[in-house]
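Okay, so here's the structure we're looking at.
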Amino acid sequence: MSDVYAEPTTAAGPADPSALARYTTLRLGGPAGRLETAVSAEEIVQKVQEAQGRDDQVLILAGGSNLVVGDEGFPGTVVLVRSRGLRVVAEEADTLTVRVEAGEPWDELVAATVANGWSGLECLSGIPGSAGATPIQNVGAYGQEVAEVIAGVLVYDRRDGGISRLDAADCGFAYRSSIFKYSDRWVVLSVDFQLHRSPLSGPVRYAELARALGVEVGDRVPLADARATVLRLRAGKGMVLDATDPDTWSVGSFFTNPVLDRGAYESLRERATELGEPPSWPCPGDLVKVSAAWLIDKAGFGKGHPGPGGTAISGKHTLALTNRSGTARTADLVALAREIRDGVQRRFGVPLHPEPVLVNCHL
């Protein structure tokens, strides 16, 4: 499942109702062999089982903001996940567990948790997507990751045909990854989030957010203040969907921040001596995470850098590759991504890896 929720694009989008460009925030992607809509967990399972009975390939799609679909589309069955709903399923003195259906729009969920005084998701405001997609990507931003608050995930196992609940420890969460991301075995049906009863955010961990809030790293702020500030920061980077702003017609960050061992990091520092210290963050195991945005910019691909067919790097953030013209092909966007990846490799010797799921296209 892609980590998004979005309705079909505006009237300016593709006329073909089967075109997956209608269901991706990039507005790219060829036709589906068959489109099915599921509005409940039971329907999701039913649609998948029926497709398997036809020997169809199956693509589970919520909204498409973390998905790049090739120009040839997807020849099998695409199941559009539109299940909705959330309910409290467990309560303790200071915490509660909220069960959320896979198709629940993510930012609406975050807004509801903030309004109810439930702390744990506030720094993930403004991320386009569905609740069911967040464990797949282990969505994170501004110092929070969903892995920190996921108690369990209800899944349909396409291999054995059973439905089961996986505890967080069984989900293989890692940086922007999980056991779900590169496997079509499991279909996420709902997610349990364990949140704190508190009018205050968790400790602010991200320096940029702390500065914007006027507090120190580690301080806590009212939930509404955290949400509003994150939304403002994301909007300034073109990371909040806006049908009128082509800079947001993207998958958000196209490349993940590289995680390097100590030797590779020291090699990067040597190659970047005249550019100053690369922005970096320590990781467990003597690893170092490096800013992909910095690498891209310093390799000569600045904001607004044009690509073929009307594609371009966002004018607001170097990690976002956009279908700015609204008329590009997936092949054009992939060509731009390849140009950037190869340029960074040549300049710094650091490989970049795509964050979105690529369907019938590759770098």
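Naming scheme: A, B, ... for chains in displayed order of the structure tokens; residues 1 onward per chain; ligands 1 onward as shown.
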From a backbone DSSP assignment, name each residue in stretch 24-231 of chain A labelled alpha helix (DSSP H), as a ChimeraX atom specification. /A:41-53,106-115,134-137,207-213,223-231
Counting only C-alpha atoms, which residues in stretch 23-106 of chain A sit no more than 8 Å from stretch 185-195 of chain A? For each one, give the nearest pair of atoms and the distance in Å, sorted by chain then residue number, as a tab-separated table.
```
residue	atom	partner	partner_atom	distance
A:Ala41	CA	A:Leu189	CA	5.4
A:Ile44	CA	A:Leu189	CA	7.6
A:Ile60	CA	A:Val187	CA	7.6
A:Thr95	CA	A:Leu195	CA	5.5
A:Leu96	CA	A:Leu195	CA	5.6
A:Thr97	CA	A:Gln194	CA	4.3
A:Val98	CA	A:Phe193	CA	5.2
A:Arg99	CA	A:Asp192	CA	4.4
A:Val100	CA	A:Val191	CA	5.3
A:Glu101	CA	A:Ser190	CA	4.3
A:Ala102	CA	A:Ser190	CA	4.7
```
Excluding stretch 239-255 of chain A and its own-chain neighbours fewer than 2 positions away, which residues fall within 6 Å of it when counting only C-alpha atoms? Please give them as a list in words. Thr25, Leu26, Ser65, Asn66, Gly126, Arg234, Ala235, Lys237, Ser314, Leu319, Ala320, Leu321, Thr322, Asn323, Arg324, His353, Pro354 and Glu355 of chain A
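The interatomic distance for the pair atom CA of A:Ala174 and atom CA of A:Pro203 works out to 21.0 Å.
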Residue neighbourhood A:Asp55, 10 Å, only C-alpha atoms, exclusion window fewer than 5 positions, as JSON, numbers by chain: {"A": [49, 50, 76, 77]}
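Note that the spacing between atom CA of A:Arg197 and atom CA of A:Ser83 amounts to 26.2 Å.
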Go through A:His317, A:Val69, A:Ser178, A:Asp286 and flag the residue nearest A:Phe301, using only C-alpha atoms for the distances. A:His317
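Candidate residues A:Val344, A:Leu275, A:Val357, A:Val48 were compared for distance to A:Tyr156, and the nearest is A:Val48, using only C-alpha atoms.
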What's around A:Arg220 at 9 Å? Count only C-alpha atoms, leave out sequence neighbours fewer than 2 positions away in its own chain, and write the answer as number ranges by chain. A: 200-204, 215-218, 222-223, 226
Would you please give, as a PyMOL selection string, all residues of stretch 190-253 of chain A that DSSP assigns to strand (DSSP E) based on the backbone? chain A and resi 190-197
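One finds atom CA of A:Gly53 at 21.3 Å from atom CA of A:Ser18.
Using only C-alpha atoms, the nearest neighbour of A:Ser177 within the list A:Val110, A:Ala133, A:Ala264, A:Leu209 is A:Ala133.
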Using only C-alpha atoms, which protein or nucleic acid residues come within 7 Å of A:Gln144? Drop anything in the same chain fewer than 3 positions from it, and give the result as a PyMOL selection string. chain A and resi 123-124+140-141
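Using only C-alpha atoms for every distance, the candidate list A:Gly30, A:Ser40, A:Pro105, A:Gly236 yields A:Gly30 as the residue closest to A:Val68.
Shortest atom-to-atom contact with A:Ala224 among A:Ala93, A:Ala19, A:Leu121, A:Ala210: A:Leu121, counting only C-alpha atoms.
Shortest atom-to-atom contact with A:Gly132 among A:Leu295, A:Ala212, A:Leu86, A:Ala62: A:Ala62, counting only C-alpha atoms.
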